[in-house]
file structure-v1.txt (compact mmCIF, C-alpha atoms)
# COMPACT_ATOMS: atom_id res chain seq x y z
CA MET A 1 83.30 77.69 -149.37
CA LYS A 2 80.44 76.54 -147.15
CA ASP A 3 81.04 74.62 -143.91
CA TYR A 4 79.40 71.54 -145.45
CA ASP A 5 81.98 71.49 -148.26
CA LEU A 6 84.76 71.99 -145.73
CA LEU A 7 83.46 69.12 -143.57
CA VAL A 8 83.22 66.61 -146.42
CA ALA A 9 86.71 67.62 -147.51
CA SER A 10 88.05 66.09 -144.31
CA GLU A 11 89.22 62.49 -144.52
CA LEU A 12 87.20 61.64 -141.43
CA LEU A 13 83.85 62.59 -142.95
CA ALA A 14 84.58 62.07 -146.64
CA ASP A 15 82.26 59.05 -146.96
CA PHE A 16 79.37 60.53 -145.05
CA SER A 17 76.10 61.22 -146.84
CA THR A 18 74.29 64.53 -146.63
CA GLU A 19 71.78 62.93 -144.27
CA GLU A 20 74.50 61.59 -141.98
CA LEU A 21 76.27 64.94 -141.89
CA SER A 22 72.96 66.60 -141.11
CA ALA A 23 72.57 64.25 -138.13
CA LEU A 24 76.03 65.14 -136.89
CA ALA A 25 75.80 68.88 -137.53
CA PRO A 26 74.01 69.80 -134.27
CA LEU A 27 76.87 68.23 -132.31
CA LEU A 28 79.58 70.22 -134.09
CA GLU A 29 80.03 73.80 -132.88
CA VAL A 30 81.55 75.77 -135.76
CA ALA A 31 83.32 79.01 -134.80
CA ASN A 32 86.04 81.44 -135.93
CA HIS A 33 89.14 81.82 -133.79
CA PRO A 34 91.76 84.60 -134.06
CA ALA A 35 95.46 84.03 -134.62
CA GLY A 36 97.08 83.11 -131.31
CA HIS A 37 93.99 81.37 -129.94
CA VAL A 38 95.02 78.40 -127.80
CA PHE A 39 92.72 75.45 -128.51
CA SER A 40 94.40 73.18 -126.00
CA GLU A 41 97.14 73.71 -123.45
CA GLU A 42 99.53 70.89 -122.63
CA GLY A 43 98.72 69.45 -119.20
CA ASP A 44 95.15 70.78 -119.06
CA LYS A 45 92.19 68.45 -118.92
CA GLY A 46 90.61 68.07 -122.35
CA HIS A 47 87.04 67.24 -123.18
CA GLU A 48 86.77 68.05 -126.86
CA ALA A 49 88.25 67.45 -130.29
CA TYR A 50 88.56 69.97 -133.12
CA LEU A 51 88.18 69.62 -136.87
CA ILE A 52 89.95 72.41 -138.77
CA LEU A 53 87.81 73.88 -141.54
CA SER A 54 90.25 76.60 -142.56
CA GLY A 55 93.53 78.05 -141.29
CA ARG A 56 96.54 76.42 -139.66
CA VAL A 57 97.30 75.30 -136.12
CA ALA A 58 100.75 74.84 -134.55
CA VAL A 59 101.36 71.84 -132.28
CA THR A 60 104.03 72.31 -129.61
CA GLN A 61 105.24 70.38 -126.58
CA ARG A 62 107.36 71.48 -123.63
CA ARG A 63 110.66 69.68 -123.27
CA GLY A 64 112.45 70.91 -120.19
CA ASP A 65 112.97 74.65 -120.55
CA SER A 66 112.39 74.65 -124.29
CA VAL A 67 109.37 74.13 -126.53
CA ASP A 68 109.42 71.62 -129.38
CA ARG A 69 107.40 72.40 -132.48
CA LEU A 70 105.88 69.01 -133.31
CA GLY A 71 104.17 70.13 -136.48
CA GLU A 72 101.34 72.03 -138.13
CA LEU A 73 97.76 71.02 -138.83
CA GLY A 74 95.57 72.33 -141.61
CA PRO A 75 92.09 72.10 -143.13
CA GLY A 76 90.44 68.69 -142.82
CA GLN A 77 92.67 67.60 -139.96
CA LEU A 78 91.35 66.59 -136.57
CA PHE A 79 93.10 67.02 -133.24
CA GLY A 80 92.28 66.28 -129.61
CA LEU A 81 90.90 62.80 -130.29
CA VAL A 82 92.71 61.11 -127.38
CA SER A 83 91.18 63.47 -124.82
CA LEU A 84 87.81 63.08 -126.55
CA ILE A 85 88.02 59.36 -125.81
CA ASP A 86 89.55 59.33 -122.32
CA GLY A 87 88.96 62.86 -121.01
CA GLY A 88 92.60 62.95 -119.93
CA ARG A 89 95.15 65.74 -119.96
CA ARG A 90 96.37 67.31 -123.19
CA THR A 91 99.75 66.08 -124.33
CA ALA A 92 100.51 69.09 -126.52
CA THR A 93 99.56 72.73 -126.97
CA CYS A 94 97.65 73.65 -130.12
CA THR A 95 97.63 77.31 -131.16
CA ALA A 96 96.04 79.08 -134.13
CA MET A 97 98.83 80.39 -136.40
CA GLU A 98 96.32 82.52 -138.31
CA PRO A 99 92.54 83.02 -138.19
CA VAL A 100 91.08 79.52 -137.91
CA ARG A 101 87.56 78.25 -138.51
CA ALA A 102 87.00 74.99 -136.68
CA ALA A 103 84.26 72.59 -135.65
CA THR A 104 84.36 71.59 -131.99
CA LEU A 105 83.05 68.20 -130.83
CA ARG A 106 82.64 67.93 -127.06
CA LYS A 107 83.08 64.63 -125.21
CA ALA A 108 79.60 64.83 -123.69
CA ALA A 109 78.07 65.17 -127.15
CA PHE A 110 80.25 62.36 -128.51
CA ASP A 111 79.24 60.03 -125.67
CA ILE A 112 75.54 60.79 -126.19
CA LEU A 113 75.97 60.20 -129.91
CA ALA A 114 77.74 56.87 -129.31
CA LYS A 115 74.92 55.61 -127.11
CA SER A 116 72.16 56.79 -129.45
CA GLY A 117 72.53 53.91 -131.91
CA VAL A 118 71.46 56.04 -134.88
CA PRO A 119 73.21 55.08 -138.14
CA ALA A 120 75.23 58.29 -138.32
CA SER A 121 76.51 57.75 -134.79
CA ARG A 122 78.03 54.33 -135.41
CA ARG A 123 79.51 55.51 -138.70
CA PHE A 124 81.11 58.43 -136.88
CA GLN A 125 82.31 56.26 -134.01
CA LEU A 126 83.86 53.86 -136.51
CA ALA A 127 85.52 56.78 -138.32
CA VAL A 128 87.01 58.02 -135.04
CA ALA A 129 88.26 54.52 -134.15
CA ARG A 130 89.81 54.20 -137.61
CA GLN A 131 91.53 57.57 -137.22
CA LEU A 132 92.96 56.44 -133.87
CA ALA A 133 94.11 53.16 -135.45
CA LYS A 134 95.75 55.11 -138.25
CA ASP A 135 97.56 57.31 -135.72
CA VAL A 136 98.78 54.22 -133.86
CA GLN A 137 99.92 52.71 -137.16
CA ARG A 138 101.92 55.87 -137.88
CA LEU A 139 103.54 55.74 -134.45
CA ASN A 140 104.28 52.06 -134.90
CA GLY A 141 106.17 53.00 -138.04
CA VAL A 142 108.21 55.57 -136.13
CA LEU A 143 109.01 52.99 -133.45
CA LEU A 144 110.00 50.41 -136.01
CA SER A 145 112.35 52.91 -137.61
CA LEU A 146 113.73 53.67 -134.18
CA SER A 147 114.26 49.99 -133.45
CA LEU A 148 116.29 49.68 -136.62
CA GLN A 149 118.37 52.75 -135.86
CA ALA A 150 119.50 51.73 -132.40
CA SER A 151 119.75 48.73 -130.13
CA GLU A 152 117.84 48.59 -126.87
CA ALA A 153 121.08 49.16 -125.00
CA GLU A 154 121.78 52.27 -127.07
CA ILE A 155 118.28 53.59 -126.49
CA ARG A 156 118.54 52.94 -122.76
CA ALA A 157 121.88 54.72 -122.73
CA ALA A 158 120.31 57.66 -124.50
CA LEU A 159 117.51 57.69 -121.96
CA ARG A 160 119.98 58.09 -119.11
CA ARG A 161 121.58 61.16 -120.63
CA MET B 1 84.73 27.75 -122.90
CA SER B 2 83.70 31.38 -122.75
CA VAL B 3 85.17 34.64 -123.89
CA GLN B 4 86.31 37.12 -121.24
CA LEU B 5 85.08 40.56 -122.17
CA ASP B 6 85.52 42.39 -118.86
CA ARG B 7 88.54 44.36 -120.00
CA LEU B 8 87.37 45.02 -123.55
CA LEU B 9 83.82 46.03 -122.58
CA PRO B 10 84.10 47.33 -119.02
CA ASN B 11 80.94 49.44 -119.12
CA ALA B 12 78.78 47.29 -121.39
CA SER B 13 75.55 45.67 -120.26
CA GLY B 14 75.14 41.91 -120.12
CA ALA B 15 73.04 41.98 -123.27
CA GLU B 16 75.70 43.99 -125.13
CA ARG B 17 78.43 41.58 -124.03
CA ASP B 18 76.31 38.64 -125.14
CA ALA B 19 75.80 40.23 -128.56
CA VAL B 20 79.52 40.91 -129.00
CA ALA B 21 80.35 37.37 -127.82
CA ALA B 22 77.92 35.93 -130.36
CA SER B 23 79.75 37.77 -133.15
CA LEU B 24 83.09 36.12 -132.30
CA THR B 25 84.48 32.88 -133.69
CA ARG B 26 86.38 30.44 -131.47
CA GLN B 27 89.59 28.98 -132.87
CA THR B 28 92.22 26.76 -131.26
CA PHE B 29 95.91 26.51 -132.05
CA ALA B 30 98.55 24.05 -130.92
CA ALA B 31 101.69 25.33 -129.25
CA GLY B 32 104.03 26.74 -131.89
CA ALA B 33 101.34 27.30 -134.51
CA VAL B 34 101.40 30.59 -136.43
CA VAL B 35 98.06 32.34 -135.91
CA VAL B 36 98.78 35.29 -138.18
CA ALA B 37 101.86 35.48 -140.38
CA ALA B 38 103.58 38.77 -141.12
CA ASN B 39 102.33 40.32 -144.38
CA ALA B 40 99.30 38.03 -144.42
CA ASP B 41 96.06 39.74 -145.32
CA THR B 42 94.46 38.56 -142.09
CA SER B 43 92.84 41.52 -140.42
CA MET B 44 91.24 40.30 -137.25
CA LEU B 45 90.90 41.00 -133.59
CA CYS B 46 92.12 38.10 -131.42
CA LEU B 47 90.95 37.76 -127.82
CA VAL B 48 92.83 35.15 -125.84
CA GLU B 49 90.66 32.71 -123.89
CA SER B 50 93.46 30.42 -122.73
CA GLY B 51 97.13 29.91 -123.50
CA ARG B 52 99.13 32.89 -124.74
CA LEU B 53 100.19 34.59 -127.95
CA THR B 54 103.65 35.80 -128.83
CA VAL B 55 103.80 38.94 -130.96
CA SER B 56 106.93 39.56 -132.98
CA LEU B 57 108.15 41.87 -135.70
CA GLU B 58 110.97 41.26 -138.09
CA ARG B 59 112.62 43.92 -140.18
CA GLU B 60 115.94 43.83 -141.96
CA GLY B 61 116.99 40.70 -140.10
CA ARG B 62 116.15 42.05 -136.66
CA THR B 63 113.34 40.59 -134.58
CA VAL B 64 111.54 42.49 -131.86
CA VAL B 65 109.54 40.22 -129.55
CA LEU B 66 106.78 42.02 -127.71
CA PRO B 67 105.18 41.13 -124.39
CA PRO B 68 102.89 38.09 -124.75
CA VAL B 69 99.12 38.44 -124.95
CA GLU B 70 97.53 36.68 -121.99
CA PRO B 71 94.00 35.37 -121.37
CA GLY B 72 91.47 38.21 -121.21
CA ASP B 73 93.66 40.46 -123.34
CA TRP B 74 93.55 41.02 -127.07
CA VAL B 75 95.59 42.04 -130.09
CA GLY B 76 94.79 43.08 -133.65
CA GLU B 77 92.52 46.09 -133.23
CA VAL B 78 94.67 48.20 -135.57
CA ASP B 79 94.49 45.54 -138.27
CA LEU B 80 90.74 45.17 -137.74
CA LEU B 81 90.14 48.90 -138.19
CA GLN B 82 92.82 49.53 -140.84
CA PRO B 83 92.80 46.29 -142.86
CA GLY B 84 95.94 45.44 -144.80
CA PRO B 85 98.98 43.17 -144.61
CA SER B 86 99.82 42.35 -141.01
CA THR B 87 103.01 43.93 -139.70
CA THR B 88 103.37 41.36 -136.94
CA THR B 89 103.54 37.60 -136.54
CA LEU B 90 101.28 36.06 -133.92
CA THR B 91 102.36 32.67 -132.62
CA ALA B 92 100.69 30.39 -130.09
CA GLU B 93 103.25 30.06 -127.32
CA ALA B 94 101.21 27.27 -125.71
CA ASP B 95 98.05 25.46 -126.74
CA THR B 96 95.83 28.49 -127.22
CA ALA B 97 92.13 29.20 -127.64
CA LEU B 98 91.13 32.48 -129.27
CA TRP B 99 87.96 34.35 -130.07
CA THR B 100 88.32 36.28 -133.31
CA LEU B 101 86.44 39.01 -135.15
CA ASP B 102 87.20 40.07 -138.71
CA ALA B 103 86.06 43.16 -140.64
CA ALA B 104 82.99 41.38 -142.04
CA GLY B 105 82.01 40.33 -138.52
CA LEU B 106 82.33 43.92 -137.30
CA GLU B 107 80.16 45.16 -140.17
CA ALA B 108 77.54 42.52 -139.36
CA LEU B 109 77.55 43.47 -135.68
CA MET B 110 77.13 47.15 -136.59
CA THR B 111 74.08 46.26 -138.67
CA ASP B 112 72.51 43.68 -136.34
CA ASN B 113 73.19 45.28 -132.98
CA PRO B 114 74.47 48.87 -133.25
CA VAL B 115 74.44 49.44 -129.51
CA ALA B 116 76.67 46.41 -128.88
CA ALA B 117 78.89 47.48 -131.80
CA SER B 118 79.17 50.91 -130.19
CA ALA B 119 80.31 49.32 -126.92
CA LEU B 120 82.95 47.36 -128.82
CA LEU B 121 84.18 50.44 -130.70
CA THR B 122 84.35 52.30 -127.39
CA GLY B 123 86.56 49.56 -125.92
CA LEU B 124 88.83 49.45 -128.96
CA SER B 125 89.08 53.25 -129.08
CA ALA B 126 90.01 53.38 -125.40
CA ARG B 127 92.90 50.97 -126.00
CA LEU B 128 94.10 52.92 -129.04
CA ALA B 129 93.87 56.23 -127.16
CA ALA B 130 95.88 54.72 -124.29
CA ARG B 131 98.59 53.69 -126.73
CA LEU B 132 98.76 57.15 -128.27
CA ARG B 133 98.87 58.74 -124.82
CA THR B 134 101.76 56.44 -123.86
CA ALA B 135 103.65 57.57 -126.92
CA ARG B 136 103.11 61.26 -126.37
CA LEU B 137 103.53 61.60 -122.65
CA PRO B 138 106.43 62.45 -123.03
CA THR B 139 107.76 59.11 -124.11
CA LEU B 140 108.24 59.77 -127.76
CA GLY B 141 108.34 62.88 -129.86
CA VAL B 142 109.27 63.80 -133.38
CA GLY B 143 111.09 67.10 -133.56
CA GLU B 144 110.76 69.70 -136.27
CA ASP B 145 113.94 68.32 -137.80
CA GLY B 146 112.34 64.87 -138.03
CA ALA B 147 114.56 63.45 -135.32
CA VAL B 148 112.94 61.05 -132.89
CA HIS B 149 113.29 61.95 -129.21
CA VAL B 150 112.72 59.28 -126.61
CA GLU B 151 112.33 59.98 -122.92
CA ALA B 152 111.32 57.77 -120.04
CA PRO B 153 108.05 58.77 -118.39
CA ALA B 154 108.70 60.76 -115.23
CA ASP B 155 107.23 58.02 -113.07
CA GLU B 156 109.14 55.24 -114.76
CA ALA B 157 112.92 55.31 -114.68
CA PRO B 158 114.78 53.79 -117.63
CA SER B 159 115.35 50.18 -116.80
CA GLU B 160 115.89 46.80 -118.34
CA GLY B 161 112.91 46.01 -120.55
CA TRP B 162 111.46 49.52 -120.56
CA VAL B 163 111.90 49.91 -124.30
CA THR B 164 110.36 46.49 -124.90
CA ARG B 165 107.37 47.44 -122.77
CA LEU B 166 107.03 50.68 -124.73
CA PHE B 167 106.95 48.69 -127.97
CA GLY B 168 104.47 46.33 -126.38
CA ARG B 169 102.12 49.13 -125.47
CA LEU B 170 102.20 50.55 -128.94
CA LEU B 171 102.46 47.59 -131.20
CA GLY B 172 101.25 44.55 -129.34
CA GLY B 173 98.27 43.56 -127.34
CA ALA B 174 99.74 43.73 -123.88
CA SER B 175 98.60 46.71 -121.89
CA SER B 176 100.65 46.15 -118.77

call {"tool": "encode", "arguments": {"input": "structure-v1.txt", "output": "structure tokens"}}
result
Amino acid sequence: MKDYDLLVASELLADFSTEELSALAPLLEVANHPAGHVFSEEGDKGHEAYLILSGRVAVTQRRGDSVDRLGELGPGQLFGLVSLIDGGRRTATCTAMEPVRAATLRKAAFDILAKSGVPASRRFQLAVARQLAKDVQRLNGVLLSLSLQASEAEIRAALRR
Amino acid sequence: MSVQLDRLLPNASGAERDAVAASLTRQTFAAGAVVVAANADTSMLCLVESGRLTVSLEREGRTVVLPPVEPGDWVGEVDLLQPGPSTTTLTAEADTALWTLDAAGLEALMTDNPVAASALLTGLSARLAARLRTARLPTLGVGEDGAVHVEAPADEAPSEGWVTRLFGRLLGGASS
């Protein structure tokens, strides 16, 4: 499968025309990464986001002396968006579980694109904002579930343990 | 009567702020009025000019009241970007003046002034990213078993109201 087909298979870029994808293509650095490759290390400064074209990536987070496996990401999924926006530290470690082909978008390129005003740029910026909103919506759902499972006092008690 | 855009558009030029301001609609609400009802198909960004908004959620008979939205702050960016039934109720706690932007207004701004629209999307994305960072550092995590883990941030000891502030950061408009 060609990279173009893999890109349009992602939810983020599904509505993009061939012309719009062509405008974005120079900003996306597509590369192969071996199993075990660490895309982002928790605590490190991050300046890029990744779109997985093929393969799977494990997401882990340190919790005291142990490591929590938060989940797996696969083709079409994007990670690293928060650091792409704020350039802050990574909140999780993302590691290739198998050979992974991914498109890298660097913050510098994203910022240039955002300021360019070309049609593809605002479409992409809107798509990124919508993805962030969707992620916040998902977290809101988790918090709502949490609020129904326990009272504030119970949560505070749990926090002190 | 002017909209405060310093926090939403911190790096925008005067011309970009003027263009965004021109895309907003001013609305006033008396104290106690419901601005957006839960489950209403009202997807709009609300910037508070004066007064204050109360944000609340109700599920299964329980109500969670989030920190109020004060002048200069805003709420509704998730609904604006992911239109659908509102999950929250917005109520004017006092006589309140708002500047609002709905999805059609955002589309029009993107067409008429893409650079100003880009500045707005940058401001909204920054707020959303801050909320996600709050949730993941290391405030909230979902384990492999699906269980939700909650921890206080290292620099913020568990205290009265901490959970409410966490909800506020994620669900409401307050960014304190």

call {"tool": "residues_around", "arguments": {"input": "structure-v1.txt", "residues": "B:Ser23", "least_positions_apart": "2", "cutoff": "7 Å", "atoms": "only C-alpha atoms", "output": "PyMOL selection string"}}
result
chain B and resi 19-21+25+105+109

call {"tool": "atom_distance", "arguments": {"input": "structure-v1.txt", "atom1": "atom CA of A:Leu12", "atom2": "atom CA of A:Gly76"}}
result
7.9 Å

call {"tool": "closest_residue", "arguments": {"input": "structure-v1.txt", "among": "A:Pro75, A:Gly117, A:Ala129, A:Gly36", "to": "B:Asp112", "atoms": "all atoms listed in the file"}}
result
A:Gly117

call {"tool": "atom_distance", "arguments": {"input": "structure-v1.txt", "atom1": "atom CA of B:Ser86", "atom2": "atom CA of B:Ala117"}}
result
23.4 Å

call {"tool": "atom_distance", "arguments": {"input": "structure-v1.txt", "atom1": "atom CA of A:Gln61", "atom2": "atom CA of A:Leu28"}}
result
26.7 Å

call {"tool": "interface_residues", "arguments": {"input": "structure-v1.txt", "of": "chain A", "to": "chain B", "cutoff": "7 Å", "atoms": "only C-alpha atoms", "output": "PyMOL selection string"}}
result
chain A and resi 68-71+82+85-86+91+114-115+117+122+125-126+129-130+132-134+136+140+152+156+159-160

call {"tool": "residues_around", "arguments": {"input": "structure-v1.txt", "residues": "A:Ala96", "least_positions_apart": "2", "cutoff": "10 Å", "atoms": "all atoms listed in the file", "output": "PyMOL selection string"}}
result
chain A and resi 33-39+55-59+72-73+94+98-101

call {"tool": "residues_around", "arguments": {"input": "structure-v1.txt", "residues": "stretch 98-104 of chain B", "least_positions_apart": "6", "cutoff": "7 Å", "atoms": "only C-alpha atoms", "output": "MDAnalysis selection string"}}
result
chainID B and resid 3 24:28 43:49 80

call {"tool": "closest_residue", "arguments": {"input": "structure-v1.txt", "among": "A:Asn32, A:Leu139, A:Asp44, A:Ala9", "to": "A:Ser83", "atoms": "all atoms listed in the file"}}
result
A:Asp44

call {"tool": "closest_residue", "arguments": {"input": "structure-v1.txt", "among": "B:Leu8, B:Ala22, B:Leu53, B:Ala38", "to": "B:Ala97", "atoms": "only C-alpha atoms"}}
result
B:Leu53

call {"tool": "closest_residue", "arguments": {"input": "structure-v1.txt", "among": "B:Pro71, B:Leu9, B:Glu16, B:Arg52", "to": "B:Val35", "atoms": "all atoms listed in the file"}}
result
B:Arg52

call {"tool": "residues_around", "arguments": {"input": "structure-v1.txt", "residues": "A:Leu53", "least_positions_apart": "6", "cutoff": "10 Å", "atoms": "only C-alpha atoms", "output": "mmCIF file with C-alpha atoms, in the frame of the given file"}}
result
data_model
loop_
_atom_site.group_PDB
_atom_site.id
_atom_site.type_symbol
_atom_site.label_atom_id
_atom_site.label_comp_id
_atom_site.auth_asym_id
_atom_site.auth_seq_id
_atom_site.Cartn_x
_atom_site.Cartn_y
_atom_site.Cartn_z
ATOM 1 C CA MET A 1 83.300 77.690 -149.370
ATOM 2 C CA LYS A 2 80.440 76.540 -147.150
ATOM 3 C CA ASP A 3 81.040 74.620 -143.910
ATOM 4 C CA TYR A 4 79.400 71.540 -145.450
ATOM 5 C CA ASP A 5 81.980 71.490 -148.260
ATOM 6 C CA LEU A 6 84.760 71.990 -145.730
ATOM 7 C CA LEU A 7 83.460 69.120 -143.570
ATOM 8 C CA VAL A 8 83.220 66.610 -146.420
ATOM 9 C CA ALA A 9 86.710 67.620 -147.510
ATOM 10 C CA SER A 10 88.050 66.090 -144.310
ATOM 11 C CA VAL A 30 81.550 75.770 -135.760
ATOM 12 C CA ALA A 31 83.320 79.010 -134.800
ATOM 13 C CA ASN A 32 86.040 81.440 -135.930
ATOM 14 C CA GLY A 74 95.570 72.330 -141.610
ATOM 15 C CA PRO A 75 92.090 72.100 -143.130
ATOM 16 C CA GLY A 76 90.440 68.690 -142.820
ATOM 17 C CA GLN A 77 92.670 67.600 -139.960
ATOM 18 C CA LEU A 78 91.350 66.590 -136.570
ATOM 19 C CA VAL A 100 91.080 79.520 -137.910
ATOM 20 C CA ARG A 101 87.560 78.250 -138.510
ATOM 21 C CA ALA A 102 87.000 74.990 -136.680
ATOM 22 C CA ALA A 103 84.260 72.590 -135.650
#

call {"tool": "decode", "arguments": {"input": "structure-v1.txt", "residues": "stretch 61-139 of chain A", "atoms": "C-alpha atoms", "output": "short mmCIF file (atom, residue, chain, number, x, y, z; two decimals), in the first residue's frame"}}
result
data_model
loop_
_atom_site.label_atom_id
_atom_site.label_comp_id
_atom_site.auth_asym_id
_atom_site.auth_seq_id
_atom_site.Cartn_x
_atom_site.Cartn_y
_atom_site.Cartn_z
CA GLN A 61 3.91 5.69 31.73
CA ARG A 62 6.06 5.42 34.85
CA ARG A 63 4.15 5.12 38.09
CA GLY A 64 6.57 4.99 40.98
CA ASP A 65 8.86 2.02 40.47
CA SER A 66 6.57 0.33 37.97
CA VAL A 67 5.54 1.06 34.39
CA ASP A 68 1.88 1.22 33.37
CA ARG A 69 0.94 0.09 29.89
CA LEU A 70 -1.62 2.72 28.86
CA GLY A 71 -2.44 1.17 25.52
CA GLU A 72 -1.42 0.47 21.95
CA LEU A 73 -1.66 2.62 18.85
CA GLY A 74 -1.97 1.39 15.29
CA PRO A 75 -2.21 2.54 11.67
CA GLY A 76 -4.00 5.85 11.16
CA GLN A 77 -3.50 6.96 14.75
CA LEU A 78 -1.66 10.11 15.71
CA PHE A 79 0.36 10.67 18.87
CA GLY A 80 2.40 13.52 20.31
CA LEU A 81 -0.15 16.22 19.51
CA VAL A 82 0.07 17.97 22.89
CA SER A 83 3.82 18.52 22.57
CA LEU A 84 3.30 19.60 18.96
CA ILE A 85 1.07 22.39 20.27
CA ASP A 86 2.92 23.47 23.41
CA GLY A 87 6.45 22.10 22.95
CA GLY A 88 6.26 20.72 26.49
CA ARG A 89 7.56 17.51 28.00
CA ARG A 90 6.26 14.12 26.94
CA THR A 91 3.76 12.61 29.32
CA ALA A 92 4.27 9.02 28.16
CA THR A 93 6.82 6.82 26.42
CA CYS A 94 5.91 5.52 22.96
CA THR A 95 7.85 2.51 21.66
CA ALA A 96 7.59 0.56 18.40
CA MET A 97 6.31 -2.96 19.18
CA GLU A 98 7.24 -4.11 15.68
CA PRO A 99 8.67 -2.44 12.57
CA VAL A 100 6.73 0.83 12.21
CA ARG A 101 6.36 3.18 9.27
CA ALA A 102 5.38 6.63 10.45
CA ALA A 103 5.06 10.20 9.24
CA THR A 104 6.71 12.76 11.51
CA LEU A 105 5.39 16.34 11.74
CA ARG A 106 7.77 18.72 13.50
CA LYS A 107 6.51 21.71 15.52
CA ALA A 108 8.56 24.16 13.47
CA ALA A 109 6.94 22.90 10.27
CA PHE A 110 3.49 22.95 11.87
CA ASP A 111 3.94 26.54 13.05
CA ILE A 112 5.11 27.65 9.59
CA LEU A 113 2.16 25.87 8.04
CA ALA A 114 -0.29 27.51 10.47
CA LYS A 115 0.98 30.98 9.61
CA SER A 116 1.02 30.37 5.85
CA GLY A 117 -2.72 30.82 5.39
CA VAL A 118 -2.87 28.36 2.48
CA PRO A 119 -6.13 26.38 2.33
CA ALA A 120 -4.49 23.08 3.24
CA SER A 121 -2.91 24.66 6.31
CA ARG A 122 -6.15 25.85 7.89
CA ARG A 123 -7.84 22.55 7.09
CA PHE A 124 -4.99 20.72 8.80
CA GLN A 125 -4.98 23.08 11.77
CA LEU A 126 -8.72 22.58 12.15
CA ALA A 127 -8.26 18.80 11.94
CA VAL A 128 -5.63 18.94 14.70
CA ALA A 129 -7.87 21.12 16.89
CA ARG A 130 -10.75 18.71 16.33
CA GLN A 131 -8.56 15.75 17.29
CA LEU A 132 -7.55 17.56 20.50
CA ALA A 133 -11.22 18.33 21.23
CA LYS A 134 -12.08 14.69 20.66
CA ASP A 135 -9.34 13.61 23.08
CA VAL A 136 -10.65 16.06 25.69
CA GLN A 137 -14.17 14.74 25.13
CA ARG A 138 -12.91 11.20 25.75
CA LEU A 139 -11.19 12.26 28.95
#
